[in-house]
Each structure stands twice: as structure tokens, then as C-alpha cells.
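This is final.cif. It holds mmCIF, C-alpha atoms.
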data_query
#
loop_
_atom_site.label_atom_id
_atom_site.label_comp_id
_atom_site.auth_asym_id
_atom_site.auth_seq_id
_atom_site.Cartn_x
_atom_site.Cartn_y
_atom_site.Cartn_z
CA MET A 69 -25.69 8.87 26.73
CA GLN A 70 -23.84 11.02 24.24
CA SER A 71 -24.14 14.79 24.14
CA LYS A 72 -26.29 16.32 21.43
CA LEU A 73 -24.11 19.41 21.27
CA SER A 74 -22.12 20.05 18.11
CA ASP A 75 -18.40 19.30 17.96
CA ILE A 76 -17.61 23.02 18.00
CA ALA A 77 -19.73 23.60 21.12
CA LEU A 78 -18.02 20.70 22.88
CA ILE A 79 -14.60 22.07 21.88
CA GLU A 80 -15.50 25.48 23.30
CA GLN A 81 -16.61 23.89 26.57
CA THR A 82 -13.42 21.85 26.72
CA LEU A 83 -11.29 24.93 26.15
CA ALA A 84 -13.21 26.63 28.95
CA GLY A 85 -12.00 23.85 31.26
CA ASP A 86 -14.85 21.32 31.11
CA GLN A 87 -13.15 17.93 30.70
CA SER A 88 -16.44 16.04 30.53
CA ALA A 89 -17.14 17.84 27.25
CA TYR A 90 -13.98 16.33 25.84
CA ALA A 91 -15.05 12.90 27.11
CA ASP A 92 -18.24 13.37 25.03
CA LEU A 93 -16.13 14.21 21.98
CA VAL A 94 -14.06 11.07 22.53
CA LYS A 95 -17.19 8.93 22.86
CA ARG A 96 -18.58 10.42 19.66
CA HIS A 97 -15.50 9.78 17.52
CA GLN A 98 -13.82 6.80 19.18
CA ARG A 99 -15.35 4.09 16.99
CA PHE A 100 -14.30 5.66 13.77
CA VAL A 101 -10.85 6.72 15.03
CA PHE A 102 -10.29 3.17 16.26
CA THR A 103 -11.45 1.66 12.95
CA LEU A 104 -9.16 3.97 11.01
CA ALA A 105 -6.23 3.08 13.28
CA MET A 106 -7.06 -0.61 12.74
CA ARG A 107 -6.65 -0.10 8.99
CA PHE A 108 -3.05 0.92 9.59
CA CYS A 109 -2.02 -1.17 12.57
CA LYS A 110 -3.88 -4.38 11.64
CA ASN A 111 -4.31 -5.46 15.27
CA ARG A 112 -6.56 -4.29 18.10
CA GLU A 113 -3.91 -3.65 20.75
CA ASP A 114 -1.80 -1.38 18.57
CA ALA A 115 -4.89 0.33 17.14
CA GLU A 116 -6.16 1.08 20.63
CA GLU A 117 -2.81 2.51 21.66
CA VAL A 118 -2.65 4.70 18.54
CA SER A 119 -6.27 5.86 18.98
CA GLN A 120 -5.66 6.87 22.59
CA ASP A 121 -2.53 8.69 21.56
CA CYS A 122 -4.50 10.56 18.88
CA PHE A 123 -7.15 11.77 21.33
CA ILE A 124 -4.46 12.93 23.77
CA LYS A 125 -2.64 14.79 20.97
CA ALA A 126 -5.91 16.33 19.82
CA TYR A 127 -6.63 17.49 23.39
CA ARG A 128 -3.21 19.12 23.67
CA SER A 129 -3.65 20.94 20.36
CA LEU A 130 -7.34 21.73 20.68
CA ALA A 131 -6.64 25.45 21.06
CA SER A 132 -4.91 25.45 17.67
CA PHE A 133 -7.98 24.00 15.90
CA GLN A 134 -9.16 26.92 13.82
CA GLY A 135 -12.50 25.50 12.72
CA GLN A 136 -11.69 26.00 9.04
CA SER A 137 -12.46 22.32 8.44
CA LYS A 138 -14.66 19.80 10.24
CA PHE A 139 -13.32 18.62 13.59
CA SER A 140 -13.47 15.05 12.26
CA THR A 141 -11.25 15.94 9.28
CA TRP A 142 -8.73 17.54 11.64
CA LEU A 143 -8.89 14.53 13.97
CA TYR A 144 -8.44 12.05 11.11
CA SER A 145 -5.33 13.90 9.94
CA ILE A 146 -3.93 13.37 13.45
CA VAL A 147 -4.86 9.67 13.20
CA TYR A 148 -3.11 9.45 9.85
CA THR A 149 0.15 11.08 10.98
CA THR A 150 0.17 9.20 14.31
CA SER A 151 -0.44 5.87 12.59
CA MET A 152 2.29 6.54 10.05
CA THR A 153 4.74 7.42 12.82
CA PHE A 154 3.69 4.27 14.69
CA LEU A 155 4.22 2.12 11.59
CA ARG A 156 7.64 3.64 11.02
CA LYS A 157 8.58 3.02 14.64
CA LYS A 158 7.40 -0.57 14.59
CA ARG A 159 8.92 -1.09 11.16
CA VAL A 160 5.81 -2.88 10.07
CA ASP A 161 6.16 -4.34 6.61
CA THR A 162 3.92 -2.17 4.47
CA ASP A 163 4.98 -3.81 1.21
CA SER A 164 2.34 -4.90 -1.25
CA ILE A 165 0.06 -7.64 -0.07
CA ASP A 166 0.72 -9.35 -3.38
CA ASP A 167 4.13 -10.22 -2.03
CA GLU A 168 4.09 -14.02 -1.80
CA ASN A 169 5.22 -14.42 1.82
CA THR A 170 2.87 -11.81 3.16
CA TYR A 171 -0.02 -13.33 1.28
CA ILE A 172 0.66 -16.82 2.67
CA GLN A 173 0.93 -15.36 6.17
CA LEU A 174 -2.40 -13.60 5.88
CA GLU A 175 -4.08 -16.58 4.28
CA ASN A 176 -3.04 -18.77 7.20
CA GLN A 177 -4.08 -16.13 9.68
CA SER A 178 -7.50 -15.75 8.13
CA SER A 179 -8.13 -19.50 7.80
CA GLY A 180 -7.23 -19.88 11.49
CA LEU A 181 -9.79 -17.27 12.36
CA ASN A 182 -12.33 -18.84 10.07
CA ASN A 183 -12.13 -22.19 11.84
CA ASN A 184 -13.11 -20.58 15.12
CA MET A 185 -15.69 -18.16 13.82
CA ALA A 186 -17.64 -20.15 11.31
CA GLU A 187 -20.84 -18.43 12.33
CA LYS A 188 -19.44 -15.09 11.26
CA ARG A 189 -18.79 -16.14 7.69
CA SER A 190 -21.14 -13.61 6.21
CA ARG A 191 -20.28 -11.49 3.20
CA SER A 192 -19.60 -8.48 5.43
CA TYR A 193 -17.18 -10.62 7.42
CA TYR A 194 -15.26 -11.39 4.23
CA LEU A 195 -15.42 -7.74 3.27
CA ASN A 196 -13.75 -6.75 6.53
CA GLN A 197 -11.17 -9.48 6.05
CA ALA A 198 -10.44 -8.23 2.53
CA ILE A 199 -10.06 -4.64 3.78
CA GLY A 200 -7.63 -5.95 6.38
CA GLN A 201 -5.53 -7.39 3.57
CA LEU A 202 -5.28 -4.10 1.69
CA LEU A 203 -2.35 -1.73 1.93
CA PRO A 204 -2.87 0.75 4.81
CA ASP A 205 -3.38 3.71 2.45
CA ASP A 206 -5.99 1.87 0.36
CA ALA A 207 -7.84 0.67 3.44
CA ALA A 208 -7.74 4.15 4.97
CA ILE A 209 -9.15 5.84 1.85
CA ILE A 210 -12.04 3.36 1.64
CA THR A 211 -12.74 3.73 5.35
CA LEU A 212 -12.65 7.54 5.23
CA PHE A 213 -14.91 7.67 2.19
CA TYR A 214 -17.54 5.17 3.31
CA MET A 215 -17.48 5.20 7.11
CA GLY A 216 -16.11 8.66 7.81
CA GLU A 217 -18.46 10.25 5.30
CA GLN A 218 -15.60 12.42 4.10
CA SER A 219 -15.62 14.09 0.70
CA LEU A 220 -12.72 13.63 -1.71
CA GLU A 221 -11.48 17.12 -0.75
CA GLU A 222 -11.62 16.32 2.96
CA ILE A 223 -9.79 13.02 2.45
CA GLY A 224 -7.19 14.96 0.48
CA GLN A 225 -6.80 17.35 3.42
CA THR A 226 -6.41 14.43 5.83
CA LEU A 227 -3.84 12.60 3.73
CA GLY A 228 -2.13 15.72 2.40
CA ILE A 229 -2.89 15.01 -1.28
CA GLU A 230 -5.01 16.53 -4.07
CA ALA A 231 -8.69 15.60 -4.38
CA ASN A 232 -8.08 14.26 -7.90
CA THR A 233 -5.34 11.98 -6.60
CA VAL A 234 -7.76 10.76 -3.93
CA LYS A 235 -10.29 9.97 -6.66
CA VAL A 236 -7.76 7.86 -8.56
CA LYS A 237 -6.53 6.17 -5.38
CA LEU A 238 -10.10 5.42 -4.30
CA PHE A 239 -10.85 3.85 -7.66
CA ARG A 240 -7.76 1.63 -7.47
CA ALA A 241 -8.41 0.73 -3.82
CA ARG A 242 -11.96 -0.38 -4.64
CA GLN A 243 -10.67 -2.44 -7.56
CA ARG A 244 -8.12 -4.19 -5.38
CA LEU A 245 -10.70 -4.74 -2.65
CA LYS A 246 -13.15 -6.25 -5.12
CA GLU A 247 -10.50 -8.64 -6.41
CA LYS A 248 -9.55 -9.72 -2.90
CA LEU A 249 -13.17 -10.19 -1.89
CA GLU A 250 -13.90 -12.29 -4.96
CA ARG A 251 -10.80 -14.40 -4.32
CA SER A 252 -11.79 -14.96 -0.67
CA LEU A 253 -15.32 -15.94 -1.63
CA LYS A 254 -14.08 -18.34 -4.31
CA GLU A 255 -11.81 -20.00 -1.74
CA GLU A 256 -14.76 -20.33 0.60
CA VAL A 257 -16.90 -21.94 -2.09
CA LYS A 258 -14.09 -24.39 -2.87
CA GLU A 259 -13.82 -25.27 0.83
CA LEU A 260 -17.56 -25.90 1.03
CA ILE A 261 -17.51 -28.15 -2.07
CA MET B 119 -10.73 8.61 -16.68
CA ASN B 120 -12.10 6.59 -19.54
CA THR B 121 -12.59 2.94 -18.66
CA ILE B 122 -16.17 1.80 -18.11
CA GLU B 123 -15.52 1.10 -14.42
CA GLU B 124 -13.92 4.49 -13.81
CA ARG B 125 -16.83 6.29 -15.46
CA LEU B 126 -19.36 4.23 -13.54
CA TRP B 127 -17.65 4.86 -10.20
CA SER B 128 -17.69 8.61 -10.88
CA TYR B 129 -21.39 8.26 -11.69
CA ILE B 130 -22.12 6.29 -8.50
CA ASP B 131 -20.05 8.67 -6.33
CA GLY B 132 -21.72 11.67 -7.93
CA THR B 133 -18.42 13.24 -8.92
CA CYS B 134 -18.99 13.36 -12.70
CA SER B 135 -20.24 16.36 -14.64
CA GLU B 136 -23.88 16.83 -15.63
CA GLY B 137 -23.13 16.01 -19.28
CA GLU B 138 -21.25 12.87 -18.31
CA ARG B 139 -24.09 11.81 -16.01
CA GLN B 140 -26.64 12.09 -18.80
CA ALA B 141 -24.40 10.12 -21.18
CA ILE B 142 -24.02 7.33 -18.60
CA ASP B 143 -27.79 7.35 -17.94
CA THR B 144 -28.35 6.67 -21.64
CA LEU B 145 -25.69 3.97 -21.76
CA ILE B 146 -27.18 2.17 -18.75
CA ALA B 147 -30.62 2.29 -20.36
CA THR B 148 -29.49 1.05 -23.76
CA ASP B 149 -26.37 -1.08 -23.28
CA GLU B 150 -26.86 -4.45 -21.55
CA ALA B 151 -23.17 -4.90 -20.67
CA TYR B 152 -23.03 -1.38 -19.23
CA ARG B 153 -26.14 -2.00 -17.13
CA ALA B 154 -24.77 -5.29 -15.80
CA LYS B 155 -21.50 -3.64 -14.78
CA PHE B 156 -23.37 -0.75 -13.19
CA GLU B 157 -25.52 -3.10 -11.12
CA GLU B 158 -22.47 -5.07 -10.03
CA LEU B 159 -20.61 -1.92 -8.89
CA LEU B 160 -23.69 -0.45 -7.25
CA SER B 161 -24.23 -3.58 -5.20
CA PHE B 162 -20.55 -3.52 -4.15
CA ASP B 163 -20.88 0.15 -3.25
CA GLN B 164 -23.93 -0.57 -1.10
CA GLU B 165 -22.03 -3.28 0.72
CA LEU B 166 -19.29 -0.79 1.49
CA VAL B 167 -21.82 1.76 2.71
CA LYS B 168 -23.22 -0.83 5.14
CA MET B 169 -19.81 -1.54 6.69
CA GLU B 170 -19.77 -1.06 10.43
CA ALA B 171 -17.05 0.57 12.47
CA ASP B 172 -15.05 -1.49 14.96
CA GLU B 173 -15.66 -0.98 18.65
CA PRO B 174 -12.70 -0.21 20.94
CA SER B 175 -12.53 -1.70 24.44
CA MET B 176 -15.15 -0.72 27.04
CA GLY B 177 -12.81 1.48 29.03
CA PHE B 178 -11.48 3.41 26.05
CA THR B 179 -12.89 6.85 26.96
CA TYR B 180 -11.96 6.35 30.60
CA ASN B 181 -8.37 5.47 29.64
CA VAL B 182 -8.07 8.54 27.42
CA MET B 183 -9.42 10.87 30.11
CA GLU B 184 -7.19 9.26 32.75
CA SER B 185 -4.13 9.85 30.55
CA ILE B 186 -5.16 13.48 30.11
CA ARG B 187 -5.64 13.91 33.86
CA ALA B 188 -2.27 12.27 34.56
CA GLU B 189 -0.65 14.58 32.05
CA HIS B 190 -2.18 17.60 33.79
CA ALA B 191 -0.82 16.36 37.11
CA ARG B 192 2.65 16.06 35.57
CA GLN B 193 2.46 19.55 34.11
CA PRO B 194 5.67 21.50 34.79
CA LEU B 195 5.51 24.47 37.15
CA LYS B 196 6.36 26.81 34.27
CA ALA B 197 3.16 25.84 32.46
CA ALA B 198 1.04 25.74 35.61
CA ILE B 199 1.79 29.34 36.66
CA ASN B 200 -1.11 31.65 36.06
CA LYS B 201 -0.24 34.04 33.26
CA LYS B 202 -2.25 36.78 34.98
CA ILE B 203 0.23 36.77 37.89
CA ILE B 204 3.15 37.19 35.49
CA ARG B 205 1.32 40.04 33.76
CA GLY B 206 0.60 41.65 37.16
CA ILE B 207 4.28 41.56 38.09
CA GLY B 208 5.16 43.04 34.71
CA ILE B 209 2.63 45.84 35.12
CA PHE B 210 3.99 46.61 38.61
CA PHE B 211 7.56 46.99 37.33
CA ILE B 212 6.50 49.06 34.34
CA ALA B 213 4.44 51.33 36.61
CA THR B 214 7.36 51.75 39.06
CA ILE B 215 9.81 52.61 36.27
CA SER B 216 7.29 55.00 34.71
CA LEU B 217 6.77 56.76 38.08
CA MET B 218 10.50 57.13 38.56
CA LEU B 219 10.85 58.57 35.07
CA ILE B 220 8.01 61.01 35.69
CA LEU B 221 9.65 62.05 38.97
CA MET B 222 12.98 62.58 37.24
CA LEU B 223 11.46 64.52 34.37
CA SER B 224 9.54 66.74 36.75
CA THR B 225 12.84 67.81 38.36
CA LEU B 226 14.39 68.88 35.06
CA HIS B 227 15.09 72.60 34.78
CA PRO B 228 16.20 73.20 31.24
CA THR B 229 17.51 76.71 30.47
CA ALA B 230 19.03 78.22 27.37
CA ASP B 231 22.58 78.22 28.79
CA SER B 232 22.72 75.01 30.62
CA PHE B 233 20.90 71.80 31.12
CA SER B 234 20.81 70.45 34.64
CA VAL B 235 18.93 67.79 36.51
CA LYS B 236 18.21 68.46 40.15
CA LEU B 237 17.46 65.32 42.07
CA PRO B 238 15.97 65.40 45.57
CA ASP B 239 18.60 65.75 48.31
CA SER B 240 17.64 62.41 49.81
CA PHE B 241 18.22 60.63 46.46
CA LYS B 242 21.73 59.11 46.38
CA VAL B 243 23.09 57.84 43.12
CA THR B 244 25.75 55.16 43.21
CA ASN B 245 28.72 55.75 40.98
CA LEU B 246 27.81 53.49 38.05
CA THR B 247 31.28 53.59 36.49
CA ASN B 248 32.53 51.39 39.33
CA LEU B 249 29.92 48.77 38.50
CA LEU B 250 30.31 48.71 34.75
CA ASN B 251 33.65 46.93 34.52
CA GLY B 252 34.58 44.30 31.89
CA LYS B 253 33.48 41.28 33.96
CA VAL B 254 29.99 42.66 34.62
CA LEU B 255 29.51 43.50 30.97
CA SER B 256 30.63 40.02 29.89
CA VAL B 257 28.13 38.40 32.29
CA PHE B 258 25.43 40.78 31.08
CA PHE B 259 26.03 39.94 27.40
CA PHE B 260 26.28 36.22 28.16
CA LEU B 261 22.89 36.26 29.92
CA ASP B 262 21.40 38.24 27.04
CA THR B 263 22.66 35.65 24.54
CA VAL B 264 21.26 32.74 26.59
CA LEU B 265 17.88 34.45 26.95
CA ALA B 266 17.78 35.18 23.20
CA LEU B 267 18.56 31.53 22.39
CA VAL B 268 15.87 30.28 24.81
CA TRP B 269 13.34 32.62 23.24
CA VAL B 270 14.26 31.58 19.67
CA ASP B 271 14.04 27.89 20.64
CA ALA B 272 10.58 28.35 22.21
CA TRP B 273 9.40 30.31 19.18
CA LEU B 274 10.63 27.65 16.73
CA ARG B 275 8.97 24.86 18.74
CA ARG B 276 5.65 26.72 18.80
CA ARG B 277 5.89 27.36 15.08
CA ARG B 278 6.67 23.73 14.29
CA ALA B 279 3.80 22.43 16.49
CA LYS B 280 1.41 24.89 14.86
CA HIS B 281 2.42 23.81 11.34
CA ALA B 282 2.23 20.12 12.19
CA LEU B 283 -1.37 20.30 13.40
CA LYS B 284 -2.83 23.04 11.26
CA PRO B 285 -6.07 21.69 9.70
#
Would you mind giving the structure from this file in C-alpha cells?
Amino acid sequence: MQSKLSDIALIEQTLAGDQSAYADLVKRHQRFVFTLAMRFCKNREDAEEVSQDCFIKAYRSLASFQGQSKFSTWLYSIVYTTSMTFLRKKRVDTDSIDDENTYIQLENQSSGLNNNMAEKRSRSYYLNQAIGQLLPDDAAIITLFYMGEQSLEEIGQTLGIEANTVKVKLFRARQRLKEKLERSLKEEVKELI
Amino acid sequence: MNTIEERLWSYIDGTCSEGERQAIDTLIATDEAYRAKFEELLSFDQELVKMEADEPSMGFTYNVMESIRAEHARQPLKAAINKKIIRGIGIFFIATISLMLILMLSTLHPTADSFSVKLPDSFKVTNLTNLLNGKVLSVFFFLDTVLALVWVDAWLRRRRAKHALKP
């Protein structure tokens, strides 16, 4: 059962030496942190490693959290910087998904998954697949806005950009996502016919 | 921001101005193409709102807490020392030096003609000029330089860590 205490109260307890309070904070935010890390890393193992790393970093720096922003916004900025460092280390190809080779690779990957998980072929399944095909930044902005319930200003704080830039990026990310989703669904309809 | 989609997204997100909102309200009510686009974007938006977060492995929290505990166990002695003890030692030395100074000052007998310090008979002062030769001074300055560099390094690290994680 998760604690009903606020994030700030749990942070205060953690700083006073109560590690179980931090475990409650981890439980509260782990799903979203993991999802956000997935948007960058594109696979569960790496995302789990990055998420764990983020929570450990957050614990180490908890005393420096000044409470000027929400704890979640502060935590997501750690996820963003850690994921970026991870991507740089792994030299993951973050080029546009429109690149021909990458697209073929992802198409094959997704059709392989589709064969095994036919029952999951709902629209939300395709939506998740389409988000997975977006550039990490686009996927992260959409995830922060819709799942993280972050305002444009808070997303700007997390990503280190202006709120207006976030607005433009969000618009473009949604456009690209819509195109990818429509393309995936058209392919599916063709397969069915 | 002027394309229909951009205006509609601002309207759906609630980030447009009051005047803009009213103008879009009118357009949706009167323009068929506008309404169709609005409904299409709204339905897409609702799908995005319904998205569910991924679930990490069952032992995720346990793994995080274990890593934190392991890190605590590996904590260097320097970081594990209670700061109160260090402060106590500091206070002891400051108090001792202050007492000695008070003792010395209490033995001062300044007069108009001369200025002399009378130390207790039992108090023997070593001839410091023998100690302060070139070698001792070099070692003293070398240690000072090393300590200054260590302090500057620690200060820069703290500053960098603080800037990196400042919300």
C-alpha cells in the first residue's frame, strides 16, 4: 500500500533518516519514471537500469531539492539528463525515424511482435507502438504532457527549454505521432484484407 | 501559430487567449470543416489522455533500495564521520587557544616607559628561531598550498553538483 503523505512530507522523512519513506516515493513515481526512460532507451532492460540510476541519483541529491518546483518535475529532469547521458554512452542512433534503414528495422521488429501478440492489437497498442517509433525528444514531450500531467512551463524546466518552444515541439510531435499511427493502422487494414 | 491544426490544439490544450477561444468557438459552430477537424483532434487527444504508463519489474523498488543501502555501506570513512565530533574537536582547540591568550594577556604589565610581558616562572618558551629555518618554512608553505588546492577542488565539485541538479 502506498503512503498518502505528500512528496514533500516523504522527502522530509527521508532526510531525517527514514529510508522506508524514500521507498514510498519510489513506488509512487516508478511507473512514470520507467515509462519516460522507455521513451528514450526503447527497451525494457536499459529503461529499468536508467530508472534505477535516476532514483539513486535523486536520493543522493535529495538535500539539494529546494522545493521551488514539484518533486516530479525535478525527478523528470534527472530522468532526462540520465537518459541523454545513457544514449550518448551507448551511441544509440537517434537519427530521424524517417531514415530508410531505421524504418525498415522498426517495421520488422513491430511485425514480429504483432505475430505473437495478435490479441493486443487494439488502437492503444498501436498508439504505444507509434510512440516507440518517435524520436526520443518527441516521445518524451508527449509522455510528460499526457502521462506526467506536466504543464508546458514544467516540461520546459525539465528539458531546459522555453515554454513556447515546448508548445511548438508538442504540436510537431503530435503531428508526427498521428501520421505514424495512421500509417500503422492502414498497414493493419491491408494485412487483414 | 496560424494553421487550423495549431489553433485547434491550443484551444484543446487550453493555452490560447480568451479572444482566440471565442473565435474558435464560433468557427466550430459555423464551419463544417473546422468542426470535423476539431472532432478528429479531440478524439486523438482523448486517446493520448487514456495512455497507460508501463510497469517496471516486480522487484524494482527493492532493487533501488538495495543499491542505496549498498552505497551507504561503501560510504568512505570521511563521509561517515559525525560532523558533531569534528565540531567538538574544533571547539576544544579554540577554547584552549583562547584560554592561553587570556592567560598571556592577564600577565601583561604595560607602562608608559616600557612594555613587558611577564610569563609565569614555570612557563618555558622554546627558542622559536631555531625551529623556523628554511626547510621548515618550505614544508609549511607546501602543506598550505596542498590544503588550499584540496579545498578549492572540493568547493568546485560541490558547486558543479549543485548546478547540475538545481530544479
Chain A residues near chain B (9 Å cut-off, only C-alpha atoms) as a PyMOL selection string:
chain A and resi 87-88+90-92+94-95+98-100+102-104+106+112+115-116+120-121+123-124+126-129+132-139+141-143+145-146+191-192+195-196+210-211+214-215+225-226+235-236+239+246
As an exercise, work out the distance from atom CA of Tyr129 of chain B to atom CA of Pro204 of chain A in Å and give it to one decimal place.
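Those two atoms sit 25.9 Å apart.
The space separating atom CA of Glu256 of chain A from atom CA of Gln201 of chain A comes to 16.2 Å.
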Distance of atom CA of Arg277 of chain B from atom CA of Asp262 of chain B, expressed in Å to one decimal place:
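Atom-to-atom, atom CA of Asp262 of chain B and atom CA of Arg277 of chain B are spaced 22.4 Å apart.
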Generate N, CA and C atoms for segment 248-262 of chain B and emit them as a PDB file, in the frame of the given file.
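Final output, rebuild.pdb:
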ATOM      1  N   ASN B 248      31.855  52.452  38.562  1.00  0.00           N
ATOM      2  CA  ASN B 248      32.530  51.390  39.330  1.00  0.00           C
ATOM      3  C   ASN B 248      31.936  50.024  39.032  1.00  0.00           C
ATOM      4  N   LEU B 249      30.615  50.046  38.740  1.00  0.00           N
ATOM      5  CA  LEU B 249      29.920  48.770  38.500  1.00  0.00           C
ATOM      6  C   LEU B 249      30.150  48.237  37.093  1.00  0.00           C
ATOM      7  N   LEU B 250      30.244  49.142  36.154  1.00  0.00           N
ATOM      8  CA  LEU B 250      30.310  48.710  34.750  1.00  0.00           C
ATOM      9  C   LEU B 250      31.743  48.371  34.321  1.00  0.00           C
ATOM     10  N   ASN B 251      32.323  47.361  34.959  1.00  0.00           N
ATOM     11  CA  ASN B 251      33.650  46.930  34.520  1.00  0.00           C
ATOM     12  C   ASN B 251      33.502  45.800  33.499  1.00  0.00           C
ATOM     13  N   GLY B 252      34.575  45.313  32.959  1.00  0.00           N
ATOM     14  CA  GLY B 252      34.580  44.300  31.890  1.00  0.00           C
ATOM     15  C   GLY B 252      33.868  43.011  32.274  1.00  0.00           C
ATOM     16  N   LYS B 253      34.061  42.550  33.511  1.00  0.00           N
ATOM     17  CA  LYS B 253      33.480  41.280  33.960  1.00  0.00           C
ATOM     18  C   LYS B 253      31.948  41.359  33.965  1.00  0.00           C
ATOM     19  N   VAL B 254      31.448  42.475  34.534  1.00  0.00           N
ATOM     20  CA  VAL B 254      29.990  42.660  34.620  1.00  0.00           C
ATOM     21  C   VAL B 254      29.377  42.700  33.228  1.00  0.00           C
ATOM     22  N   LEU B 255      30.031  43.407  32.343  1.00  0.00           N
ATOM     23  CA  LEU B 255      29.510  43.500  30.970  1.00  0.00           C
ATOM     24  C   LEU B 255      29.506  42.145  30.276  1.00  0.00           C
ATOM     25  N   SER B 256      30.563  41.358  30.501  1.00  0.00           N
ATOM     26  CA  SER B 256      30.630  40.020  29.890  1.00  0.00           C
ATOM     27  C   SER B 256      29.466  39.161  30.376  1.00  0.00           C
ATOM     28  N   VAL B 257      29.240  39.189  31.716  1.00  0.00           N
ATOM     29  CA  VAL B 257      28.130  38.400  32.290  1.00  0.00           C
ATOM     30  C   VAL B 257      26.804  38.884  31.710  1.00  0.00           C
ATOM     31  N   PHE B 258      26.670  40.200  31.607  1.00  0.00           N
ATOM     32  CA  PHE B 258      25.430  40.780  31.080  1.00  0.00           C
ATOM     33  C   PHE B 258      25.173  40.305  29.639  1.00  0.00           C
ATOM     34  N   PHE B 259      26.197  40.361  28.795  1.00  0.00           N
ATOM     35  CA  PHE B 259      26.030  39.940  27.400  1.00  0.00           C
ATOM     36  C   PHE B 259      25.797  38.431  27.290  1.00  0.00           C
ATOM     37  N   PHE B 260      26.464  37.666  28.167  1.00  0.00           N
ATOM     38  CA  PHE B 260      26.280  36.220  28.160  1.00  0.00           C
ATOM     39  C   PHE B 260      24.818  35.869  28.485  1.00  0.00           C
ATOM     40  N   LEU B 261      24.285  36.506  29.533  1.00  0.00           N
ATOM     41  CA  LEU B 261      22.890  36.260  29.920  1.00  0.00           C
ATOM     42  C   LEU B 261      21.929  36.656  28.801  1.00  0.00           C
ATOM     43  N   ASP B 262      22.231  37.778  28.163  1.00  0.00           N
ATOM     44  CA  ASP B 262      21.400  38.240  27.040  1.00  0.00           C
ATOM     45  C   ASP B 262      21.372  37.204  25.922  1.00  0.00           C
TER      46      ASP B 262
END
